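Asks: work04.cif is reproduced in full below (mmCIF, C-alpha atoms).
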```cif
data_structure
#
loop_
_atom_site.group_PDB
_atom_site.id
_atom_site.type_symbol
_atom_site.label_atom_id
_atom_site.label_comp_id
_atom_site.auth_asym_id
_atom_site.auth_seq_id
_atom_site.Cartn_x
_atom_site.Cartn_y
_atom_site.Cartn_z
ATOM 1 C CA MET J 168 -81.929 -11.195 58.880
ATOM 2 C CA ALA J 169 -80.269 -11.077 55.438
ATOM 3 C CA GLY J 170 -78.015 -8.317 56.754
ATOM 4 C CA LYS J 171 -76.896 -10.504 59.659
ATOM 5 C CA VAL J 172 -76.130 -13.405 57.318
ATOM 6 C CA ILE J 173 -74.076 -11.156 55.019
ATOM 7 C CA LEU J 174 -72.246 -9.757 58.023
ATOM 8 C CA LEU J 175 -71.489 -13.236 59.357
ATOM 9 C CA ALA J 176 -70.273 -14.311 55.899
ATOM 10 C CA LEU J 177 -68.021 -11.231 55.696
ATOM 11 C CA ARG J 178 -66.659 -11.871 59.184
ATOM 12 C CA THR J 179 -66.001 -15.548 58.449
ATOM 13 C CA ALA J 180 -64.379 -14.840 55.071
ATOM 14 C CA LEU J 181 -62.060 -12.246 56.604
ATOM 15 C CA ALA J 182 -61.235 -14.543 59.533
ATOM 16 C CA TRP J 183 -60.480 -17.442 57.155
ATOM 17 C CA THR J 184 -58.267 -15.239 54.967
ATOM 18 C CA PHE J 185 -56.145 -14.132 57.907
ATOM 19 C CA VAL J 186 -55.951 -17.563 59.597
ATOM 20 C CA HIS J 187 -54.898 -19.000 56.227
ATOM 21 C CA ALA J 188 -52.318 -16.244 55.647
ATOM 22 C CA GLY J 189 -50.909 -16.588 59.170
ATOM 23 C CA ALA J 190 -50.702 -20.397 59.089
ATOM 24 C CA LEU J 191 -48.894 -20.428 55.732
ATOM 25 C CA LYS J 192 -46.304 -18.007 57.091
ATOM 26 C CA ILE J 193 -45.628 -20.305 60.042
ATOM 27 C CA TRP J 194 -45.600 -23.717 58.350
ATOM 28 C CA ASP J 195 -44.820 -24.688 54.757
ATOM 29 C CA PHE J 196 -47.408 -27.445 54.311
ATOM 30 C CA ALA J 197 -46.135 -28.355 50.824
ATOM 31 C CA HIS J 198 -42.627 -29.131 52.079
ATOM 32 C CA ALA J 199 -43.537 -30.093 55.689
ATOM 33 C CA GLN J 200 -41.081 -27.596 57.176
ATOM 34 C CA PRO J 201 -41.138 -24.210 58.946
ATOM 35 C CA ALA J 202 -42.079 -21.314 56.682
ATOM 36 C CA THR J 203 -40.544 -18.595 58.843
ATOM 37 C CA PRO J 204 -37.172 -18.603 56.999
ATOM 38 C CA ASP J 205 -38.927 -17.900 53.696
ATOM 39 C CA PHE J 206 -41.018 -15.176 55.327
ATOM 40 C CA VAL J 207 -37.866 -13.537 56.753
ATOM 41 C CA VAL J 208 -36.486 -13.328 53.210
ATOM 42 C CA ALA J 209 -39.808 -11.997 51.892
ATOM 43 C CA ILE J 210 -39.750 -9.219 54.522
ATOM 44 C CA GLN J 211 -36.115 -8.364 53.773
ATOM 45 C CA GLN J 212 -36.922 -7.969 50.091
ATOM 46 C CA TYR J 213 -39.018 -4.898 50.902
ATOM 47 C CA ARG J 214 -35.805 -3.241 52.161
ATOM 48 C CA LEU J 215 -37.681 -1.180 54.725
ATOM 49 C CA LEU J 216 -36.103 -2.453 57.937
ATOM 50 C CA PRO J 217 -32.791 -1.267 59.368
ATOM 51 C CA SER J 218 -31.717 -4.707 60.621
ATOM 52 C CA PRO J 219 -32.143 -8.368 59.558
ATOM 53 C CA ASP J 220 -32.882 -9.260 63.199
ATOM 54 C CA LEU J 221 -35.978 -7.067 63.076
ATOM 55 C CA ALA J 222 -37.149 -9.027 60.024
ATOM 56 C CA VAL J 223 -36.780 -12.251 62.030
ATOM 57 C CA LEU J 224 -38.793 -10.828 64.947
ATOM 58 C CA ILE J 225 -41.578 -9.667 62.634
ATOM 59 C CA ALA J 226 -41.565 -12.978 60.748
ATOM 60 C CA VAL J 227 -42.031 -14.872 64.008
ATOM 61 C CA TYR J 228 -44.652 -12.569 65.599
ATOM 62 C CA LEU J 229 -46.776 -11.221 62.721
ATOM 63 C CA PRO J 230 -48.367 -14.542 61.618
ATOM 64 C CA TRP J 231 -49.627 -15.174 65.153
ATOM 65 C CA VAL J 232 -51.054 -11.659 65.359
ATOM 66 C CA GLU J 233 -52.894 -12.371 62.105
ATOM 67 C CA ILE J 234 -54.261 -15.652 63.464
ATOM 68 C CA PHE J 235 -55.387 -14.207 66.807
ATOM 69 C CA ALA J 236 -56.940 -11.142 65.166
ATOM 70 C CA ALA J 237 -58.776 -13.439 62.742
ATOM 71 C CA LEU J 238 -60.110 -15.640 65.542
ATOM 72 C CA GLY J 239 -61.000 -12.491 67.482
ATOM 73 C CA LEU J 240 -63.394 -11.495 64.705
ATOM 74 C CA LEU J 241 -65.535 -14.467 65.753
ATOM 75 C CA VAL J 242 -65.425 -13.739 69.510
ATOM 76 C CA ARG J 243 -67.920 -11.084 70.525
ATOM 77 C CA ARG J 244 -65.867 -9.697 73.426
ATOM 78 C CA VAL J 245 -62.894 -8.755 71.217
ATOM 79 C CA GLN J 246 -64.533 -8.212 67.829
ATOM 80 C CA LEU J 247 -63.911 -4.481 67.866
ATOM 81 C CA GLY J 248 -60.203 -4.870 68.630
ATOM 82 C CA ALA J 249 -59.875 -7.665 66.072
ATOM 83 C CA ALA J 250 -61.397 -5.547 63.290
ATOM 84 C CA PHE J 251 -59.170 -2.646 64.369
ATOM 85 C CA THR J 252 -56.073 -4.888 64.271
ATOM 86 C CA ILE J 253 -56.920 -6.314 60.852
ATOM 87 C CA ALA J 254 -57.614 -2.864 59.427
ATOM 88 C CA GLY J 255 -54.290 -1.659 60.874
ATOM 89 C CA LEU J 256 -52.317 -4.647 59.557
ATOM 90 C CA THR J 257 -53.856 -4.301 56.098
ATOM 91 C CA THR J 258 -52.996 -0.601 56.025
ATOM 92 C CA ILE J 259 -49.373 -1.432 56.908
ATOM 93 C CA PHE J 260 -49.256 -4.164 54.222
ATOM 94 C CA MET J 261 -50.616 -1.729 51.638
ATOM 95 C CA ALA J 262 -48.088 0.936 52.626
ATOM 96 C CA ALA J 263 -45.228 -1.591 52.308
ATOM 97 C CA LEU J 264 -46.470 -2.782 48.908
ATOM 98 C CA ALA J 265 -46.960 0.789 47.659
ATOM 99 C CA SER J 266 -43.474 1.685 48.851
ATOM 100 C CA ALA J 267 -41.969 -1.316 47.005
ATOM 101 C CA TRP J 268 -43.955 -0.414 43.890
ATOM 102 C CA SER J 269 -42.828 3.214 44.000
ATOM 103 C CA ARG J 270 -39.181 2.080 44.242
ATOM 104 C CA GLY J 271 -39.597 -0.246 41.262
ATOM 105 C CA LEU J 272 -38.903 -3.404 43.301
ATOM 106 C CA ARG J 273 -40.100 -6.641 41.725
ATOM 107 C CA ILE J 274 -40.627 -8.693 44.848
ATOM 108 C CA GLU J 275 -42.802 -11.526 46.011
ATOM 109 C CA CYS J 276 -45.549 -10.359 48.337
ATOM 110 C CA GLY J 277 -44.954 -12.962 51.071
ATOM 111 C CA CYS J 278 -48.635 -12.575 52.005
ATOM 112 C CA PHE J 279 -49.529 -16.277 51.879
ATOM 113 C CA GLY J 280 -46.132 -17.899 52.380
ATOM 114 C CA ARG J 281 -44.962 -19.672 49.239
ATOM 115 C CA ASP J 282 -48.487 -20.861 48.474
ATOM 116 C CA GLN J 283 -49.505 -17.930 46.303
ATOM 117 C CA ILE J 284 -46.445 -16.185 44.969
ATOM 118 C CA SER J 285 -47.278 -13.026 43.083
ATOM 119 C CA THR J 286 -45.210 -10.038 42.022
ATOM 120 C CA ASP J 287 -48.159 -8.156 40.505
ATOM 121 C CA ILE J 288 -48.177 -5.331 43.047
ATOM 122 C CA PRO J 289 -51.183 -3.367 41.648
ATOM 123 C CA ALA J 290 -53.312 -6.546 41.840
ATOM 124 C CA LEU J 291 -52.063 -7.176 45.391
ATOM 125 C CA LEU J 292 -52.896 -3.582 46.367
ATOM 126 C CA LEU J 293 -56.392 -4.007 44.924
ATOM 127 C CA ARG J 294 -56.894 -7.219 46.896
ATOM 128 C CA ASP J 295 -55.670 -5.539 50.092
ATOM 129 C CA ALA J 296 -57.967 -2.569 49.433
ATOM 130 C CA CYS J 297 -60.949 -4.974 49.311
ATOM 131 C CA ILE J 298 -59.793 -6.560 52.585
ATOM 132 C CA LEU J 299 -59.409 -3.095 54.143
ATOM 133 C CA VAL J 300 -62.931 -2.097 53.095
ATOM 134 C CA ALA J 301 -64.313 -5.318 54.615
ATOM 135 C CA ALA J 302 -62.367 -4.708 57.856
ATOM 136 C CA LEU J 303 -63.580 -1.091 58.017
ATOM 137 C CA ILE J 304 -67.196 -2.195 57.521
ATOM 138 C CA LEU J 305 -66.823 -4.614 60.453
ATOM 139 C CA LEU J 306 -65.049 -1.957 62.512
ATOM 140 C CA PHE J 307 -67.863 0.521 61.856
ATOM 141 C CA LEU J 308 -70.624 -1.970 62.674
ATOM 142 C CA ASP J 309 -68.862 -3.352 65.742
ATOM 143 C CA SER J 310 -68.154 0.117 67.116
ATOM 144 C CA ARG J 311 -71.822 1.051 66.579
ATOM 145 C CA ALA J 312 -72.936 -2.111 68.354
ATOM 146 C CA ALA J 313 -70.542 -1.369 71.224
ATOM 147 C CA ALA J 314 -71.859 2.201 71.462
ATOM 148 C CA VAL J 315 -75.438 0.934 71.718
ATOM 149 C CA LYS J 316 -74.375 -1.517 74.419
ATOM 150 C CA ASP J 317 -72.591 1.247 76.361
ATOM 151 C CA ARG J 318 -75.551 3.651 76.223
ATOM 152 C CA PRO J 319 -77.179 3.901 79.668
ATOM 153 C CA ILE J 320 -80.775 2.721 79.812
ATOM 154 C CA PHE J 321 -81.517 5.815 81.897
ATOM 155 C CA GLY J 322 -80.691 9.003 80.002
ATOM 156 C CA ALA J 323 -79.156 12.159 81.461
ATOM 157 C CA SER J 324 -82.646 13.277 82.376
ATOM 158 C CA GLY J 325 -83.108 10.162 84.478
ATOM 159 C CA ARG J 326 -85.823 8.941 82.124
ATOM 160 C CA PHE J 327 -85.768 5.435 80.734
ATOM 161 C CA THR J 328 -84.545 5.362 77.102
ATOM 162 C CA LEU J 329 -84.544 2.484 74.689
ATOM 163 C CA PRO J 330 -81.097 1.507 73.417
ATOM 164 C CA MET P 103 -64.844 3.570 71.980
ATOM 165 C CA ILE P 104 -61.249 4.019 70.789
ATOM 166 C CA ALA P 105 -60.028 3.074 74.253
ATOM 167 C CA ARG P 106 -62.036 -0.135 74.086
ATOM 168 C CA ALA P 107 -60.689 -0.963 70.613
ATOM 169 C CA LEU P 108 -57.119 -0.317 71.773
ATOM 170 C CA ARG P 109 -57.652 -2.397 74.925
ATOM 171 C CA GLN P 110 -58.946 -5.329 72.892
ATOM 172 C CA THR P 111 -56.117 -4.928 70.372
ATOM 173 C CA ALA P 112 -53.568 -4.979 73.203
ATOM 174 C CA LEU P 113 -55.170 -8.159 74.528
ATOM 175 C CA LEU P 114 -54.961 -9.840 71.095
ATOM 176 C CA LEU P 115 -51.331 -8.748 70.664
ATOM 177 C CA ALA P 116 -50.498 -10.115 74.118
ATOM 178 C CA LEU P 117 -52.254 -13.423 73.392
ATOM 179 C CA ALA P 118 -50.278 -13.786 70.155
ATOM 180 C CA LEU P 119 -46.982 -13.267 71.958
ATOM 181 C CA LEU P 120 -46.772 -16.618 73.761
ATOM 182 C CA PRO P 121 -47.326 -18.919 70.733
ATOM 183 C CA ALA P 122 -45.014 -16.647 68.716
ATOM 184 C CA ILE P 123 -42.205 -17.148 71.247
ATOM 185 C CA VAL P 124 -42.753 -20.924 71.339
ATOM 186 C CA SER P 125 -42.989 -21.120 67.542
ATOM 187 C CA GLY P 126 -39.897 -18.940 67.128
ATOM 188 C CA VAL P 127 -37.813 -21.117 69.473
ATOM 189 C CA VAL P 128 -38.994 -24.322 67.758
ATOM 190 C CA GLN P 129 -38.317 -22.942 64.284
ATOM 191 C CA LEU P 130 -34.883 -21.594 65.210
ATOM 192 C CA ARG P 131 -33.908 -25.021 66.553
ATOM 193 C CA TRP P 132 -35.472 -26.815 63.581
ATOM 194 C CA ASP P 133 -32.518 -26.369 61.244
ATOM 195 C CA ASP P 134 -30.036 -27.583 63.869
ATOM 196 C CA ALA P 135 -32.140 -30.653 64.574
ATOM 197 C CA GLU P 136 -32.816 -31.454 60.941
ATOM 198 C CA PRO P 137 -30.152 -33.593 59.266
ATOM 199 C CA LEU P 138 -28.287 -32.087 56.329
ATOM 200 C CA ALA P 139 -29.263 -33.244 52.854
ATOM 201 C CA ALA P 140 -26.513 -34.472 50.561
ATOM 202 C CA GLY P 141 -24.131 -31.652 49.683
ATOM 203 C CA GLU P 142 -25.565 -29.184 52.194
ATOM 204 C CA VAL P 143 -23.509 -27.182 54.656
ATOM 205 C CA ARG P 144 -24.667 -25.159 57.659
ATOM 206 C CA ALA P 145 -23.945 -21.445 57.964
ATOM 207 C CA ALA P 146 -22.082 -22.182 61.217
ATOM 208 C CA THR P 147 -19.664 -24.452 59.315
ATOM 209 C CA VAL P 148 -19.046 -21.766 56.688
ATOM 210 C CA ARG P 149 -18.265 -19.341 59.504
ATOM 211 C CA GLU P 150 -15.801 -21.896 60.902
ATOM 212 C CA TRP P 151 -14.098 -21.822 57.505
ATOM 213 C CA GLY P 152 -13.585 -18.128 58.156
ATOM 214 C CA ALA P 153 -16.089 -17.364 55.389
ATOM 215 C CA LYS P 154 -13.234 -18.027 52.912
ATOM 216 C CA VAL P 155 -15.522 -19.457 50.294
ATOM 217 C CA GLN P 156 -16.650 -18.666 46.786
ATOM 218 C CA TRP P 157 -20.300 -17.720 47.137
ATOM 219 C CA VAL P 158 -22.581 -18.495 44.206
ATOM 220 C CA ASP P 159 -25.987 -16.841 44.023
ATOM 221 C CA ALA P 160 -28.441 -19.163 42.247
ATOM 222 C CA ARG P 161 -31.339 -16.698 42.212
ATOM 223 C CA PRO P 162 -32.644 -14.745 39.225
ATOM 224 C CA ARG P 163 -30.652 -11.696 38.110
ATOM 225 C CA ASP P 164 -33.087 -9.086 39.485
ATOM 226 C CA LYS P 165 -32.925 -10.587 42.965
ATOM 227 C CA PHE P 166 -29.127 -10.742 42.792
ATOM 228 C CA ALA P 167 -29.109 -7.080 41.775
ATOM 229 C CA ALA P 168 -31.390 -6.216 44.696
ATOM 230 C CA GLY P 169 -28.846 -7.575 47.192
ATOM 231 C CA HIS P 170 -26.454 -10.496 47.608
ATOM 232 C CA ILE P 171 -23.731 -11.827 49.889
ATOM 233 C CA ASP P 172 -20.480 -9.891 49.476
ATOM 234 C CA GLY P 173 -18.298 -11.421 46.787
ATOM 235 C CA ALA P 174 -21.033 -13.720 45.447
ATOM 236 C CA LEU P 175 -21.071 -14.592 41.758
ATOM 237 C CA LEU P 176 -24.342 -14.806 39.884
ATOM 238 C CA LEU P 177 -24.919 -18.258 38.380
ATOM 239 C CA ASN P 178 -28.464 -19.444 37.847
ATOM 240 C CA GLU P 179 -30.133 -22.075 35.696
ATOM 241 C CA ASP P 180 -32.008 -19.563 33.510
ATOM 242 C CA GLU P 181 -28.797 -17.953 32.217
ATOM 243 C CA TRP P 182 -26.451 -20.885 32.787
ATOM 244 C CA SER P 183 -24.502 -20.842 29.516
ATOM 245 C CA LYS P 184 -24.257 -17.054 29.541
ATOM 246 C CA LEU P 185 -22.990 -16.843 33.133
ATOM 247 C CA VAL P 186 -20.635 -19.834 33.262
ATOM 248 C CA PRO P 187 -17.705 -18.087 31.494
ATOM 249 C CA ALA P 188 -17.804 -15.169 33.942
ATOM 250 C CA PHE P 189 -18.002 -17.618 36.836
ATOM 251 C CA LEU P 190 -14.984 -19.606 35.588
ATOM 252 C CA ASP P 191 -12.978 -16.401 35.123
ATOM 253 C CA ALA P 192 -13.629 -15.261 38.694
ATOM 254 C CA TRP P 193 -13.613 -18.665 40.416
ATOM 255 C CA ASP P 194 -10.681 -19.452 42.724
ATOM 256 C CA PRO P 195 -10.146 -23.291 42.652
ATOM 257 C CA ASP P 196 -8.630 -23.182 46.146
ATOM 258 C CA LEU P 197 -11.882 -22.013 47.711
ATOM 259 C CA PRO P 198 -14.877 -24.220 48.406
ATOM 260 C CA VAL P 199 -17.941 -23.166 46.425
ATOM 261 C CA VAL P 200 -21.084 -22.477 48.467
ATOM 262 C CA VAL P 201 -24.301 -22.036 46.505
ATOM 263 C CA TYR P 202 -27.308 -20.317 47.999
ATOM 264 C CA CYS P 203 -30.771 -19.297 46.938
ATOM 265 C CA GLU P 204 -33.750 -17.676 48.605
ATOM 266 C CA GLY P 205 -34.712 -19.523 51.736
ATOM 267 C CA GLY P 206 -35.485 -22.845 53.300
ATOM 268 C CA SER P 207 -37.538 -24.386 50.519
ATOM 269 C CA CYS P 208 -35.887 -23.183 47.322
ATOM 270 C CA GLU P 209 -34.401 -25.821 45.035
ATOM 271 C CA ALA P 210 -32.372 -23.581 42.724
ATOM 272 C CA SER P 211 -29.175 -23.866 44.770
ATOM 273 C CA HIS P 212 -29.291 -27.678 44.649
ATOM 274 C CA ALA P 213 -29.817 -27.613 40.874
ATOM 275 C CA VAL P 214 -26.900 -25.202 40.319
ATOM 276 C CA ALA P 215 -24.635 -27.176 42.693
ATOM 277 C CA ARG P 216 -25.455 -30.384 40.796
ATOM 278 C CA ARG P 217 -24.543 -28.784 37.463
ATOM 279 C CA LEU P 218 -21.299 -27.387 38.897
ATOM 280 C CA ARG P 219 -20.322 -30.887 40.002
ATOM 281 C CA GLU P 220 -21.530 -32.778 36.934
ATOM 282 C CA GLU P 221 -20.904 -30.374 34.065
ATOM 283 C CA LEU P 222 -17.932 -28.329 35.302
ATOM 284 C CA LYS P 223 -16.436 -31.206 37.352
ATOM 285 C CA ILE P 224 -15.925 -28.979 40.402
ATOM 286 C CA GLY P 225 -15.708 -31.236 43.441
ATOM 287 C CA ASN P 226 -15.773 -28.897 46.415
ATOM 288 C CA VAL P 227 -19.347 -27.599 45.996
ATOM 289 C CA HIS P 228 -21.816 -27.142 48.841
ATOM 290 C CA VAL P 229 -25.336 -25.796 49.259
ATOM 291 C CA LEU P 230 -25.988 -23.357 52.110
ATOM 292 C CA LYS P 231 -28.703 -24.871 54.307
ATOM 293 C CA GLY P 232 -31.509 -22.383 54.829
ATOM 294 C CA GLY P 233 -30.343 -20.194 51.949
ATOM 295 C CA LEU P 234 -30.161 -16.447 52.430
ATOM 296 C CA THR P 235 -32.107 -16.697 55.678
ATOM 297 C CA ALA P 236 -29.145 -18.449 57.250
ATOM 298 C CA TRP P 237 -26.775 -15.725 56.021
ATOM 299 C CA PRO P 238 -28.824 -12.523 55.867
ATOM 300 C CA VAL P 239 -27.617 -9.786 53.564
ATOM 301 C CA LYS P 240 -26.894 -6.759 55.744
#
```
Take the structure in the file and give it back as structure tokens.

Replies:
Amino acid sequence: MAGKVILLALRTALAWTFVHAGALKIWDFAHAQPATPDFVVAIQQYRLLPSPDLAVLIAVYLPWVEIFAALGLLVRRVQLGAAFTIAGLTTIFMAALASAWSRGLRIECGCFGRDQISTDIPALLLRDACILVAALILLFLDSRAAAVKDRPIFGASGRFTLP
Amino acid sequence: MIARALRQTALLLALALLPAIVSGVVQLRWDDAEPLAAGEVRAATVREWGAKVQWVDARPRDKFAAGHIDGALLLNEDEWSKLVPAFLDAWDPDLPVVVYCEGGSCEASHAVARRLREELKIGNVHVLKGGLTAWPVK
């Protein structure tokens, strides 16, 4: 029972983090205006993309992927894919941050729009590592649950087996 | 198991596509629909001027060093008195001055434009609406 509560808390916390991050990249609540222009600039500062147009496409699409993946964590039918997506996104974010750090760039993360501006890349990497661990825990548990669900109630021998 | 995870991921990515398109269209039209604040100029207007303007970058020095619009002069509030002489040396009075900063919500360009008008008595000063987002650095 306690395990289920902890798991639900972990799922909800991760979902809230990503809904929050996605929403702040779409709308600047402090200035009541779209946040996409600021996110385009934040992406460009990483200097990883060959074209500014690609930065615009990512700035428009990525926040919605974050929101849908976050909501997916709470929907049983897509929980596995949602955890997979969040783990994948976090890995990409960490790679981008590590790349900026290795090139000595002092840039704003862009992770939560202009709400939480930080240029402390090691701290951001640590935070993302915690998020990645949480996503991997959910991915592991959800894949195990899916495997149990997939297991036939009649084994290869034709005998009834408990899942 | 991996196939199921990928299938669900594809579904989530597809679901995110529609609101992203709608949001993108709305946000791209937002700047055109929004009235200009005092002293602001749209990127389209600057292009109509044939981009013959004196760009002023109002961001901090490290961001200017990381990339700026071609021909832009660095002039920010933090180093105002240090940078003004260099700006005055390079400034062409025949060109309109267009100040920019980071993106849609940054205030630095407005502050620098105000000081150019009030302290240096330069009349033809504008702020680029949308900042660098409206004129991406290639």

Asks: Got a sec to pull out which chain J residues are within 7 Å of chain P, counting all atoms listed in the file, and send them as a PDB file with C-alpha atoms, in the frame of the given file?

Replies:
```
ATOM      1  CA  PRO J 201     -41.138 -24.210  58.946  1.00  0.00           C
ATOM      2  CA  PRO J 204     -37.172 -18.603  56.999  1.00  0.00           C
ATOM      3  CA  ASP J 205     -38.927 -17.900  53.696  1.00  0.00           C
ATOM      4  CA  VAL J 207     -37.866 -13.537  56.753  1.00  0.00           C
ATOM      5  CA  VAL J 208     -36.486 -13.328  53.210  1.00  0.00           C
ATOM      6  CA  PRO J 219     -32.143  -8.368  59.558  1.00  0.00           C
ATOM      7  CA  VAL J 227     -42.031 -14.872  64.008  1.00  0.00           C
ATOM      8  CA  TYR J 228     -44.652 -12.569  65.599  1.00  0.00           C
ATOM      9  CA  TRP J 231     -49.627 -15.174  65.153  1.00  0.00           C
ATOM     10  CA  VAL J 232     -51.054 -11.659  65.359  1.00  0.00           C
ATOM     11  CA  PHE J 235     -55.387 -14.207  66.807  1.00  0.00           C
ATOM     12  CA  ALA J 236     -56.940 -11.142  65.166  1.00  0.00           C
ATOM     13  CA  VAL J 245     -62.894  -8.755  71.217  1.00  0.00           C
ATOM     14  CA  LEU J 247     -63.911  -4.481  67.866  1.00  0.00           C
ATOM     15  CA  GLY J 248     -60.203  -4.870  68.630  1.00  0.00           C
ATOM     16  CA  ALA J 249     -59.875  -7.665  66.072  1.00  0.00           C
ATOM     17  CA  PHE J 251     -59.170  -2.646  64.369  1.00  0.00           C
ATOM     18  CA  THR J 252     -56.073  -4.888  64.271  1.00  0.00           C
ATOM     19  CA  SER J 310     -68.154   0.117  67.116  1.00  0.00           C
TER      20      SER J 310
END
```

Asks: Expressed in Å to a single decimal, how great is the separation between atom CA of P:Tyr202 and atom CA of P:Leu230?

Replies: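 Between atom CA of P:Tyr202 and atom CA of P:Leu230 the gap works out to 5.3 Å.
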
Asks: Let me have the centre and edge lengths in Å, one decimal, of the box along x, y and z around every listed atom of stretch 169-180 of chain P with 8 Å of margin on each side, as AutoDock Vina command-line options.

Replies:
```
--center_x -25.2 --center_y -14.8 --center_z 41.7 --size_x 29.7 --size_y 30.5 --size_z 32.4
```

Asks: Write out as a list in words each polymer residue whose atoms come within 12 Å of J:Ala312, counting all atoms listed in the file; drop sequence neighbours fewer than 2 positions from it.

Replies: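 Counting all atoms listed in the file, the residues come to Arg243, Arg244, Gln246, Leu247, Leu305, Leu306, Phe307, Leu308, Asp309, Ser310, Ala314, Val315, Lys316, Asp317, Arg318 and Pro330 of chain J; Met103 of chain P.
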
Asks: With only C-alpha atoms as the basis for distance, which of J:Leu229, J:Ile193, J:Cys278, J:Met261 is at the shortest distance from J:Ala209?

Replies: J:Cys278

Asks: Using only C-alpha atoms, can you list as a PyMOL selection string the residues within 12 Å of (-14.7, -22.1, 46.0)?

Replies: chain P and resi 148+151+153-158+173-175+189-190+192-201+215+218+224-229

Asks: For the selection you just gave me, I'd like the residues written to a file as a short mmCIF file (atom, residue, chain, number, x, y, z; two decimals), in the coordinates of the input, keeping C-alpha atoms.

Replies:
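The resulting file, result10.cif, is shown below:
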```
data_model
loop_
_atom_site.label_atom_id
_atom_site.label_comp_id
_atom_site.auth_asym_id
_atom_site.auth_seq_id
_atom_site.Cartn_x
_atom_site.Cartn_y
_atom_site.Cartn_z
CA VAL P 148 -19.05 -21.77 56.69
CA TRP P 151 -14.10 -21.82 57.50
CA ALA P 153 -16.09 -17.36 55.39
CA LYS P 154 -13.23 -18.03 52.91
CA VAL P 155 -15.52 -19.46 50.29
CA GLN P 156 -16.65 -18.67 46.79
CA TRP P 157 -20.30 -17.72 47.14
CA VAL P 158 -22.58 -18.50 44.21
CA GLY P 173 -18.30 -11.42 46.79
CA ALA P 174 -21.03 -13.72 45.45
CA LEU P 175 -21.07 -14.59 41.76
CA PHE P 189 -18.00 -17.62 36.84
CA LEU P 190 -14.98 -19.61 35.59
CA ALA P 192 -13.63 -15.26 38.69
CA TRP P 193 -13.61 -18.66 40.42
CA ASP P 194 -10.68 -19.45 42.72
CA PRO P 195 -10.15 -23.29 42.65
CA ASP P 196 -8.63 -23.18 46.15
CA LEU P 197 -11.88 -22.01 47.71
CA PRO P 198 -14.88 -24.22 48.41
CA VAL P 199 -17.94 -23.17 46.42
CA VAL P 200 -21.08 -22.48 48.47
CA VAL P 201 -24.30 -22.04 46.50
CA ALA P 215 -24.64 -27.18 42.69
CA LEU P 218 -21.30 -27.39 38.90
CA ILE P 224 -15.92 -28.98 40.40
CA GLY P 225 -15.71 -31.24 43.44
CA ASN P 226 -15.77 -28.90 46.42
CA VAL P 227 -19.35 -27.60 46.00
CA HIS P 228 -21.82 -27.14 48.84
CA VAL P 229 -25.34 -25.80 49.26
#
```

Asks: Quick one: which residues end up in the PyMOL selection byres ((chain J and resi 196) around 12) for this structure, as an NGL selection string?

Replies: (:J and (187 or 190-195 or 197-202 or 279-282)) or (:P and (207))

Asks: Where does the PyMOL selection byres ((chain J and resi 289-303) around 10) land in this file, that is, which residues does it pick, as an NGL selection string?

Replies: :J and (174 or 177-178 or 180-181 or 184-185 or 240 or 249-258 or 260-265 or 268 or 276 or 278 or 285-288 or 304-309)

Asks: What does the structure give for the distance between atom CA of P:Leu177 and atom CA of P:Asp159, in Å to one decimal?

Replies: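 The value is 5.9 Å.
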
Asks: Since the input lacks some atoms of stretch 228-238 of chain P, please model N, CA and C atoms and print them as a compact mmCIF listing (two decimals), in the coordinates of the input.

Replies:
```
# COMPACT_ATOMS: atom_id res chain seq x y z
N HIS P 228 -20.85 -26.93 47.75
CA HIS P 228 -21.82 -27.14 48.84
C HIS P 228 -23.03 -26.25 48.62
N VAL P 229 -24.12 -26.63 49.29
CA VAL P 229 -25.34 -25.80 49.26
C VAL P 229 -25.56 -25.26 50.67
N LEU P 230 -25.78 -23.97 50.78
CA LEU P 230 -25.99 -23.36 52.11
C LEU P 230 -27.37 -23.74 52.63
N LYS P 231 -27.41 -24.47 53.73
CA LYS P 231 -28.70 -24.87 54.31
C LYS P 231 -29.46 -23.64 54.81
N GLY P 232 -30.70 -23.53 54.40
CA GLY P 232 -31.51 -22.38 54.83
C GLY P 232 -31.40 -21.19 53.90
N GLY P 233 -30.48 -21.28 52.93
CA GLY P 233 -30.34 -20.19 51.95
C GLY P 233 -30.01 -18.86 52.59
N LEU P 234 -30.50 -17.80 51.97
CA LEU P 234 -30.16 -16.45 52.43
C LEU P 234 -30.61 -16.17 53.87
N THR P 235 -31.63 -16.92 54.31
CA THR P 235 -32.11 -16.70 55.68
C THR P 235 -31.00 -17.02 56.69
N ALA P 236 -30.19 -18.02 56.34
CA ALA P 236 -29.14 -18.45 57.25
C ALA P 236 -27.94 -17.49 57.22
N TRP P 237 -27.90 -16.65 56.17
CA TRP P 237 -26.78 -15.72 56.02
C TRP P 237 -27.33 -14.40 55.50
N PRO P 238 -28.10 -13.71 56.37
CA PRO P 238 -28.82 -12.52 55.87
C PRO P 238 -27.90 -11.47 55.27
```
